[in-house]
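Dropping upload03.tsv in here (TSV, C-alpha atoms):
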```
chain	number	residue	atom	x	y	z
A	931	MET	CA	21.25	56.96	63.28
A	932	SER	CA	21.33	56.94	67.08
A	933	THR	CA	19.52	54.18	68.93
A	934	THR	CA	17.74	54.20	72.24
A	935	HIS	CA	18.60	51.96	75.15
A	936	THR	CA	15.31	50.13	74.66
A	937	GLU	CA	16.07	49.49	70.97
A	938	ASP	CA	19.55	48.20	71.78
A	939	ARG	CA	18.16	45.92	74.47
A	940	ARG	CA	15.48	44.50	72.21
A	941	VAL	CA	17.81	44.00	69.25
A	942	ASN	CA	20.18	42.08	71.51
A	943	ALA	CA	17.29	40.05	72.89
A	944	VAL	CA	15.97	39.27	69.40
A	945	LEU	CA	19.39	38.01	68.27
A	946	SER	CA	20.00	36.13	71.52
A	947	GLU	CA	16.60	34.43	71.60
A	948	ALA	CA	16.15	33.65	67.89
A	949	GLY	CA	19.19	34.72	65.90
A	950	THR	CA	19.61	31.58	63.82
A	951	THR	CA	18.83	31.74	60.12
A	952	TYR	CA	16.48	29.16	58.66
A	953	ALA	CA	19.32	28.05	56.40
A	954	GLU	CA	21.52	27.31	59.42
A	955	GLU	CA	18.66	25.41	61.02
A	956	ALA	CA	18.39	23.30	57.87
A	957	GLY	CA	22.08	22.46	58.08
A	958	ILE	CA	23.08	24.71	55.18
A	959	ARG	CA	26.52	26.26	55.53
A	960	VAL	CA	25.66	29.35	53.52
A	961	ALA	CA	28.52	30.40	51.25
A	962	ASP	CA	28.91	31.96	47.84
A	963	THR	CA	29.42	28.57	46.22
A	964	PRO	CA	27.11	26.41	44.06
A	965	ALA	CA	25.91	23.74	46.52
A	966	PRO	CA	24.80	26.02	49.39
A	967	LEU	CA	23.05	28.39	46.98
A	968	TRP	CA	21.17	25.47	45.47
A	969	GLN	CA	20.24	24.23	48.95
A	970	LEU	CA	18.96	27.69	49.79
A	971	LEU	CA	16.79	27.61	46.67
A	972	VAL	CA	15.35	24.26	47.81
A	973	LEU	CA	14.64	25.61	51.29
A	974	SER	CA	12.99	28.73	49.83
A	975	ASN	CA	10.81	26.53	47.65
A	976	LEU	CA	9.74	24.43	50.63
A	977	THR	CA	9.16	27.41	52.92
A	978	ALA	CA	7.10	29.38	50.41
A	979	THR	CA	4.11	27.03	50.75
A	980	ARG	CA	1.47	27.28	53.48
A	981	ILE	CA	3.25	25.01	55.87
A	982	LYS	CA	5.09	25.44	59.17
A	983	ALA	CA	8.65	26.67	58.77
A	984	SER	CA	9.89	23.92	61.10
A	985	ILE	CA	8.43	21.27	58.79
A	986	ALA	CA	9.97	22.93	55.74
A	987	VAL	CA	13.35	22.99	57.46
A	988	HIS	CA	13.03	19.30	58.38
A	989	ALA	CA	12.02	18.49	54.79
A	990	ALA	CA	15.10	20.25	53.44
A	991	ARG	CA	17.32	18.20	55.75
A	992	GLU	CA	15.67	14.96	54.61
A	993	LEU	CA	16.13	15.85	50.95
A	994	PHE	CA	19.78	16.76	51.44
A	995	ASP	CA	20.40	13.56	53.41
A	996	ALA	CA	18.81	11.60	50.55
A	997	GLY	CA	21.30	13.10	48.10
A	998	GLY	CA	19.46	16.20	46.89
A	999	GLY	CA	22.01	18.72	48.15
A	1000	THR	CA	23.17	19.56	44.62
A	1001	PRO	CA	21.18	20.07	41.42
A	1002	LYS	CA	22.72	16.90	39.98
A	1003	GLY	CA	21.86	14.95	43.12
A	1004	MET	CA	18.27	16.20	43.16
A	1005	ALA	CA	17.82	15.38	39.49
A	1006	GLU	CA	19.13	11.86	40.05
A	1007	LEU	CA	16.66	11.18	42.87
A	1008	THR	CA	13.53	9.53	41.60
A	1009	TRP	CA	10.24	11.32	42.05
A	1010	GLN	CA	9.25	8.68	44.62
A	1011	GLN	CA	12.48	9.18	46.56
A	1012	ARG	CA	11.71	12.90	46.80
A	1013	VAL	CA	8.16	12.17	47.93
A	1014	ASP	CA	9.45	9.73	50.55
A	1015	ALA	CA	11.95	12.28	51.89
A	1016	LEU	CA	9.21	14.89	52.18
A	1017	GLY	CA	6.97	12.35	53.86
A	1018	ARG	CA	9.58	11.58	56.51
A	1019	ALA	CA	9.43	15.28	57.43
A	1020	HIS	CA	5.60	15.20	57.48
A	1021	TYR	CA	5.60	17.63	54.56
A	1022	VAL	CA	2.17	16.45	53.49
A	1023	ARG	CA	-0.52	17.94	51.21
A	1024	TYR	CA	2.19	19.39	48.97
A	1025	ASP	CA	4.57	16.44	48.83
A	1026	GLU	CA	3.78	15.15	45.34
A	1027	SER	CA	3.63	18.53	43.62
A	1028	THR	CA	6.75	19.70	45.45
A	1029	ALA	CA	8.66	16.57	44.45
A	1030	THR	CA	7.83	17.38	40.83
A	1031	ARG	CA	8.80	21.05	41.17
A	1032	LEU	CA	12.14	20.31	42.80
A	1033	GLY	CA	13.04	17.97	39.95
A	1034	GLU	CA	12.12	20.70	37.46
A	1035	CYS	CA	14.18	23.25	39.43
A	1036	ALA	CA	17.20	20.95	39.33
A	1037	VAL	CA	16.96	20.63	35.56
A	1038	LEU	CA	16.45	24.37	35.07
A	1039	VAL	CA	19.37	25.47	37.27
A	1040	ARG	CA	21.67	23.09	35.42
A	1041	GLU	CA	20.50	24.07	31.95
A	1042	ARG	CA	20.32	27.83	32.50
A	1043	TYR	CA	23.12	28.43	35.00
A	1044	GLY	CA	25.36	25.39	34.73
A	1045	GLY	CA	24.30	24.37	38.24
A	1046	ASP	CA	25.72	27.59	39.70
A	1047	LEU	CA	23.33	30.29	40.96
A	1048	ARG	CA	26.18	32.79	41.13
A	1049	ARG	CA	25.53	33.12	37.40
A	1050	LEU	CA	21.99	34.23	38.20
A	1051	ALA	CA	23.41	37.07	40.30
A	1052	GLY	CA	25.64	37.98	37.39
A	1053	ASP	CA	22.76	37.92	34.91
A	1054	ALA	CA	20.86	40.20	37.29
A	1055	ASP	CA	23.76	42.69	37.35
A	1056	LYS	CA	23.61	42.28	41.13
A	1057	GLN	CA	20.30	44.15	41.28
A	1058	ARG	CA	17.93	42.77	43.92
A	1059	ASP	CA	14.74	43.37	41.95
A	1060	ARG	CA	16.21	41.53	38.98
A	1061	VAL	CA	17.46	38.69	41.21
A	1062	GLU	CA	13.93	38.23	42.57
A	1063	GLU	CA	12.54	38.30	39.03
A	1064	LEU	CA	14.94	35.62	37.78
A	1065	LEU	CA	14.31	33.44	40.83
A	1066	GLN	CA	10.61	33.39	40.01
A	1067	ALA	CA	11.37	31.48	36.83
A	1068	PHE	CA	11.88	28.41	39.03
A	1069	PRO	CA	8.72	26.35	39.59
A	1070	GLY	CA	7.33	26.98	43.08
A	1071	ILE	CA	9.30	30.20	43.62
A	1072	GLY	CA	6.87	33.10	43.56
A	1073	PRO	CA	7.41	36.56	45.05
A	1074	SER	CA	7.37	35.12	48.58
A	1075	GLY	CA	9.91	32.40	47.82
A	1076	ALA	CA	12.19	34.86	46.02
A	1077	ARG	CA	12.11	37.21	48.98
A	1078	ILE	CA	12.87	34.34	51.39
A	1079	PHE	CA	15.88	33.40	49.27
A	1080	CYS	CA	17.15	36.99	49.28
A	1081	ARG	CA	16.49	37.39	53.00
A	1082	GLU	CA	18.69	34.39	53.76
A	1083	ALA	CA	21.29	35.11	51.06
A	1084	GLN	CA	21.97	38.71	52.06
A	1085	GLY	CA	24.67	37.50	54.42
A	1086	ILE	CA	26.80	36.42	51.45
A	1087	TRP	CA	25.41	38.72	48.75
A	1088	PRO	CA	25.72	42.19	50.31
A	1089	PHE	CA	24.20	43.84	47.24
A	1090	LEU	CA	20.81	42.45	48.30
A	1091	ARG	CA	20.77	44.31	51.63
A	1092	PRO	CA	18.61	45.18	53.40
A	1093	VAL	CA	16.02	42.41	52.96
A	1094	LEU	CA	13.38	42.41	55.68
A	1095	ASP	CA	10.13	41.01	54.36
A	1096	ARG	CA	6.63	41.71	55.62
A	1097	LYS	CA	6.78	39.08	58.37
A	1098	ALA	CA	10.09	40.49	59.62
A	1099	LEU	CA	8.68	44.02	59.66
A	1100	ASP	CA	5.58	42.83	61.50
A	1101	GLY	CA	7.82	41.05	64.02
A	1102	ALA	CA	9.77	44.26	64.55
A	1103	GLY	CA	6.56	46.17	65.21
A	1104	ARG	CA	5.42	43.53	67.68
A	1105	VAL	CA	8.41	44.23	69.95
A	1106	GLY	CA	8.49	47.99	69.51
A	1107	LEU	CA	11.23	48.23	66.89
A	1108	PRO	CA	10.96	50.36	63.73
A	1109	LYS	CA	8.84	48.93	60.91
A	1110	SER	CA	11.12	50.29	58.19
A	1111	SER	CA	13.72	48.12	56.45
A	1112	GLU	CA	16.19	50.98	56.31
A	1113	ALA	CA	15.75	51.88	59.97
A	1114	LEU	CA	16.07	48.26	61.10
A	1115	ALA	CA	19.18	47.78	58.97
A	1116	GLU	CA	20.90	50.53	60.92
A	1117	LEU	CA	20.40	48.67	64.21
A	1118	VAL	CA	22.78	45.80	63.36
A	1119	ASP	CA	25.97	45.18	61.43
A	1120	GLY	CA	25.39	44.26	57.80
A	1121	ASP	CA	26.75	40.76	58.32
A	1122	ASP	CA	24.09	40.19	61.00
A	1123	LEU	CA	21.14	41.21	58.83
A	1124	ALA	CA	20.23	37.69	57.72
A	1125	ARG	CA	20.18	36.51	61.36
A	1126	PHE	CA	18.24	39.59	62.44
A	1127	ALA	CA	15.64	39.22	59.69
A	1128	ALA	CA	15.08	35.52	60.43
A	1129	ALA	CA	14.80	36.27	64.15
A	1130	LEU	CA	12.17	38.94	63.53
A	1131	VAL	CA	10.16	36.49	61.44
A	1132	ARG	CA	10.23	34.07	64.38
A	1133	VAL	CA	9.11	36.87	66.70
A	1134	GLU	CA	6.12	37.49	64.43
A	1135	LEU	CA	5.20	33.80	64.39
A	1136	ASP	CA	5.70	33.11	68.11
A	1137	LYS	CA	3.82	35.22	70.66
A	1138	ASP	CA	5.73	33.70	73.59
A	1139	LEU	CA	9.05	34.56	71.95
A	1140	ALA	CA	7.89	38.14	71.41
A	1141	GLY	CA	7.00	38.32	75.11
A	1142	ARG	CA	10.46	37.12	76.14
A	1143	VAL	CA	12.08	39.75	73.94
A	1144	GLU	CA	9.98	42.52	75.41
A	1145	ALA	CA	10.72	41.36	78.95
A	1146	ALA	CA	14.48	40.98	78.42
A	1147	PRO	CA	16.52	42.79	81.10
```

How does this structure look as structure tokens?
Amino acid sequence: MSTTHTEDRRVNAVLSEAGTTYAEEAGIRVADTPAPLWQLLVLSNLTATRIKASIAVHAARELFDAGGGTPKGMAELTWQQRVDALGRAHYVRYDESTATRLGECAVLVRERYGGDLRRLAGDADKQRDRVEELLQAFPGIGPSGARIFCREAQGIWPFLRPVLDRKALDGAGRVGLPKSSEALAELVDGDDLARFAAALVRVELDKDLAGRVEAAP
């Protein structure tokens, strides 16, 4: 698919202005290994609630700093320690229920997958729809949380691509880019899709950012 000069300019501006994944912002070094995949599940759980993404990211950092960066570590934190970590990030209103859910997620990922979410991908036969279905077995991970996980994981699990959720598509439309996942995926290299998708979500959430992208030289 050929691209126009305007599309190229805006794609470059989107990546330049906002091309950091939420996982990177939370300090997660995304890799196809057990700990980062667990951390991504935690972040997806936190982000799926009606709360600012920046607060969810901060909450993930606090939980990881407290020792919850692995399923075993999260399970060994007391419920109150999880609540306190969420509180330090001002993750309020949902702190107590989320602390409970994260403890349940830690138990489930250890019992069902031996603490390794790569086994979930294997059980799903590397089919994105099945991955999303299995993810929703975790407390707090509904369709939105599963799609967030896949959006961020597509950098290391190429079989998920392209994942551009509704907010990403709306962000694309806001700056005059195609509102089709397939069309957007052709505008960047596959390895940049996670960054591109996260950046488009930020464009949708931030009117000033969208304006800077449109005005980019």

A:Val1143, A:Ala990, A:Val1013, A:Ala1054: which is nearest Phe1089 (chain A), counting only C-alpha atoms?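 When distances to Phe1089 (chain A) are compared using only C-alpha atoms, the smallest one comes from A:Ala1054.
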
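Considering the residues A:Gly1103, A:Gly1017, A:Pro1001, A:Gly1070 and counting all atoms listed in the file, Ile985 (chain A) has its shortest atom-to-atom contact with A:Gly1017.
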
Residue neighbourhood Val941 (chain A), 10 Å, all atoms listed in the file, exclusion window fewer than 3 positions, as a list in words: His935, Thr936, Glu937, Asp938, Val944, Leu945, Ser946, Glu947, Gly949, Ala1102, Val1105, Leu1107, Leu1114, Leu1117, Val1118, Phe1126, Ala1129, Leu1130 and Val1143 of chain A

Please identify all polymer residues within 12 Å of Thr979 (chain A), counting all atoms listed in the file, omitting same-chain residues fewer than 5 positions from it, and present them as a list in words.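 Near neighbours after the sequence-gap exclusion: Val972, Leu973, Ser974, Ile985, Ala986, Tyr1021, Val1022, Arg1023, Tyr1024, Asp1025, Ser1027, Thr1028, Gly1070, Ile1071, Gly1072, Pro1073, Ser1074, Gly1075 and Ile1078 of chain A.
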
Tell me, as a list in words, which residues lie within 8 Å of Leu970 (chain A), counting only C-alpha atoms; anything in the same chain fewer than 5 positions away does not count.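 Once the nearby chain positions are removed, what remains is Ala953, Ile958, Val960, Phe1079, Glu1082 and Ala1083 of chain A.
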
Return as JSON the centre and edge lengths, in Å with one decimal, of the box along x, y and z that encloses every atom of region 1090-1100 of chain A in the file, padded by 6 Å per side.
```
{"center_x": 13.2, "center_y": 42.1, "center_z": 54.9, "size_x": 27.2, "size_y": 18.1, "size_z": 25.2}
```

Could you pull the residues within 12 Å of Glu1134 (chain A), counting only C-alpha atoms, minus those fewer than 3 positions along the same chain, as a count of residues only? 25

Record the distance separating CA of Arg940 (chain A) and CA of Gly957 (chain A), expressed in Å with one decimal.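 Separation between CA of Arg940 (chain A) and CA of Gly957 (chain A): 27.0 Å.
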
With all heavy atoms as the goal, would you fill in the gaps in region 1002-1013 of chain A and present it as a PDB file, keeping the file's coordinate frame?
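out12.pdb was written with the following content:
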```pdb
ATOM      1  N   LYS A1002      22.530  18.225  40.577  1.00  0.00           N
ATOM      2  CA  LYS A1002      22.720  16.900  39.980  1.00  0.00           C
ATOM      3  C   LYS A1002      22.125  15.823  40.888  1.00  0.00           C
ATOM      4  O   LYS A1002      21.422  14.915  40.419  1.00  0.00           O
ATOM      5  CB  LYS A1002      24.214  16.644  39.767  1.00  0.00           C
ATOM      6  CG  LYS A1002      24.539  15.302  39.122  1.00  0.00           C
ATOM      7  CD  LYS A1002      26.044  15.197  38.875  1.00  0.00           C
ATOM      8  CE  LYS A1002      26.403  13.896  38.155  1.00  0.00           C
ATOM      9  NZ  LYS A1002      26.190  12.705  38.981  1.00  0.00           N
ATOM     10  N   GLY A1003      22.387  15.933  42.185  1.00  0.00           N
ATOM     11  CA  GLY A1003      21.860  14.950  43.120  1.00  0.00           C
ATOM     12  C   GLY A1003      20.347  14.941  43.158  1.00  0.00           C
ATOM     13  O   GLY A1003      19.720  13.870  43.194  1.00  0.00           O
ATOM     14  N   MET A1004      19.738  16.129  43.146  1.00  0.00           N
ATOM     15  CA  MET A1004      18.270  16.200  43.160  1.00  0.00           C
ATOM     16  C   MET A1004      17.692  15.621  41.885  1.00  0.00           C
ATOM     17  O   MET A1004      16.674  14.910  41.916  1.00  0.00           O
ATOM     18  CB  MET A1004      17.818  17.655  43.332  1.00  0.00           C
ATOM     19  CG  MET A1004      16.317  17.822  43.488  1.00  0.00           C
ATOM     20  SD  MET A1004      15.682  17.162  45.065  1.00  0.00           S
ATOM     21  CE  MET A1004      16.170  18.482  46.205  1.00  0.00           C
ATOM     22  N   ALA A1005      18.322  15.898  40.762  1.00  0.00           N
ATOM     23  CA  ALA A1005      17.820  15.380  39.490  1.00  0.00           C
ATOM     24  C   ALA A1005      17.932  13.863  39.429  1.00  0.00           C
ATOM     25  O   ALA A1005      17.111  13.198  38.771  1.00  0.00           O
ATOM     26  CB  ALA A1005      18.604  16.016  38.335  1.00  0.00           C
ATOM     27  N   GLU A1006      18.931  13.309  40.090  1.00  0.00           N
ATOM     28  CA  GLU A1006      19.130  11.860  40.050  1.00  0.00           C
ATOM     29  C   GLU A1006      18.223  11.111  41.018  1.00  0.00           C
ATOM     30  O   GLU A1006      18.042   9.893  40.877  1.00  0.00           O
ATOM     31  CB  GLU A1006      20.595  11.535  40.324  1.00  0.00           C
ATOM     32  CG  GLU A1006      21.512  11.953  39.178  1.00  0.00           C
ATOM     33  CD  GLU A1006      22.978  11.686  39.458  1.00  0.00           C
ATOM     34  OE1 GLU A1006      23.305  11.377  40.630  1.00  0.00           O
ATOM     35  OE2 GLU A1006      23.783  11.791  38.514  1.00  0.00           O
ATOM     36  N   LEU A1007      17.661  11.821  42.016  1.00  0.00           N
ATOM     37  CA  LEU A1007      16.660  11.180  42.870  1.00  0.00           C
ATOM     38  C   LEU A1007      15.409  10.909  42.044  1.00  0.00           C
ATOM     39  O   LEU A1007      15.012  11.728  41.208  1.00  0.00           O
ATOM     40  CB  LEU A1007      16.292  12.089  44.047  1.00  0.00           C
ATOM     41  CG  LEU A1007      17.333  12.325  45.126  1.00  0.00           C
ATOM     42  CD1 LEU A1007      16.812  13.338  46.140  1.00  0.00           C
ATOM     43  CD2 LEU A1007      17.713  11.021  45.818  1.00  0.00           C
ATOM     44  N   THR A1008      14.799   9.776  42.276  1.00  0.00           N
ATOM     45  CA  THR A1008      13.530   9.530  41.600  1.00  0.00           C
ATOM     46  C   THR A1008      12.439  10.392  42.234  1.00  0.00           C
ATOM     47  O   THR A1008      12.594  10.885  43.356  1.00  0.00           O
ATOM     48  CB  THR A1008      13.113   8.059  41.709  1.00  0.00           C
ATOM     49  OG1 THR A1008      12.832   7.758  43.094  1.00  0.00           O
ATOM     50  CG2 THR A1008      14.206   7.136  41.194  1.00  0.00           C
ATOM     51  N   TRP A1009      11.368  10.554  41.507  1.00  0.00           N
ATOM     52  CA  TRP A1009      10.240  11.320  42.050  1.00  0.00           C
ATOM     53  C   TRP A1009       9.769  10.694  43.360  1.00  0.00           C
ATOM     54  O   TRP A1009       9.502  11.399  44.335  1.00  0.00           O
ATOM     55  CB  TRP A1009       9.108  11.340  41.034  1.00  0.00           C
ATOM     56  CG  TRP A1009       7.860  12.027  41.500  1.00  0.00           C
ATOM     57  CD1 TRP A1009       7.604  13.367  41.487  1.00  0.00           C
ATOM     58  CD2 TRP A1009       6.690  11.400  42.052  1.00  0.00           C
ATOM     59  NE1 TRP A1009       6.343  13.621  41.998  1.00  0.00           N
ATOM     60  CE2 TRP A1009       5.772  12.430  42.353  1.00  0.00           C
ATOM     61  CE3 TRP A1009       6.337  10.085  42.320  1.00  0.00           C
ATOM     62  CZ2 TRP A1009       4.518  12.163  42.904  1.00  0.00           C
ATOM     63  CZ3 TRP A1009       5.092   9.824  42.867  1.00  0.00           C
ATOM     64  CH2 TRP A1009       4.197  10.860  43.160  1.00  0.00           C
ATOM     65  N   GLN A1010       9.711   9.355  43.405  1.00  0.00           N
ATOM     66  CA  GLN A1010       9.250   8.680  44.620  1.00  0.00           C
ATOM     67  C   GLN A1010      10.219   8.899  45.769  1.00  0.00           C
ATOM     68  O   GLN A1010       9.795   9.052  46.929  1.00  0.00           O
ATOM     69  CB  GLN A1010       9.071   7.187  44.367  1.00  0.00           C
ATOM     70  CG  GLN A1010       8.401   6.446  45.525  1.00  0.00           C
ATOM     71  CD  GLN A1010       7.009   6.984  45.814  1.00  0.00           C
ATOM     72  OE1 GLN A1010       6.159   7.053  44.931  1.00  0.00           O
ATOM     73  NE2 GLN A1010       6.772   7.391  47.059  1.00  0.00           N
ATOM     74  N   GLN A1011      11.507   8.925  45.495  1.00  0.00           N
ATOM     75  CA  GLN A1011      12.480   9.180  46.560  1.00  0.00           C
ATOM     76  C   GLN A1011      12.297  10.580  47.142  1.00  0.00           C
ATOM     77  O   GLN A1011      12.431  10.787  48.345  1.00  0.00           O
ATOM     78  CB  GLN A1011      13.907   9.013  46.018  1.00  0.00           C
ATOM     79  CG  GLN A1011      14.323   7.563  45.819  1.00  0.00           C
ATOM     80  CD  GLN A1011      15.680   7.436  45.147  1.00  0.00           C
ATOM     81  OE1 GLN A1011      16.006   8.176  44.208  1.00  0.00           O
ATOM     82  NE2 GLN A1011      16.486   6.495  45.615  1.00  0.00           N
ATOM     83  N   ARG A1012      11.973  11.548  46.298  1.00  0.00           N
ATOM     84  CA  ARG A1012      11.710  12.900  46.800  1.00  0.00           C
ATOM     85  C   ARG A1012      10.441  12.913  47.646  1.00  0.00           C
ATOM     86  O   ARG A1012      10.392  13.534  48.706  1.00  0.00           O
ATOM     87  CB  ARG A1012      11.583  13.893  45.634  1.00  0.00           C
ATOM     88  CG  ARG A1012      12.847  14.106  44.862  1.00  0.00           C
ATOM     89  CD  ARG A1012      12.687  15.208  43.807  1.00  0.00           C
ATOM     90  NE  ARG A1012      13.504  14.893  42.654  1.00  0.00           N
ATOM     91  CZ  ARG A1012      13.052  14.650  41.440  1.00  0.00           C
ATOM     92  NH1 ARG A1012      11.746  14.719  41.188  1.00  0.00           N
ATOM     93  NH2 ARG A1012      13.865  14.365  40.458  1.00  0.00           N
ATOM     94  N   VAL A1013       9.413  12.253  47.171  1.00  0.00           N
ATOM     95  CA  VAL A1013       8.160  12.170  47.930  1.00  0.00           C
ATOM     96  C   VAL A1013       8.405  11.515  49.284  1.00  0.00           C
ATOM     97  O   VAL A1013       7.913  11.984  50.322  1.00  0.00           O
ATOM     98  CB  VAL A1013       7.084  11.388  47.134  1.00  0.00           C
ATOM     99  CG1 VAL A1013       5.876  11.075  48.018  1.00  0.00           C
ATOM    100  CG2 VAL A1013       6.638  12.183  45.914  1.00  0.00           C
TER     101      VAL A1013
END
```
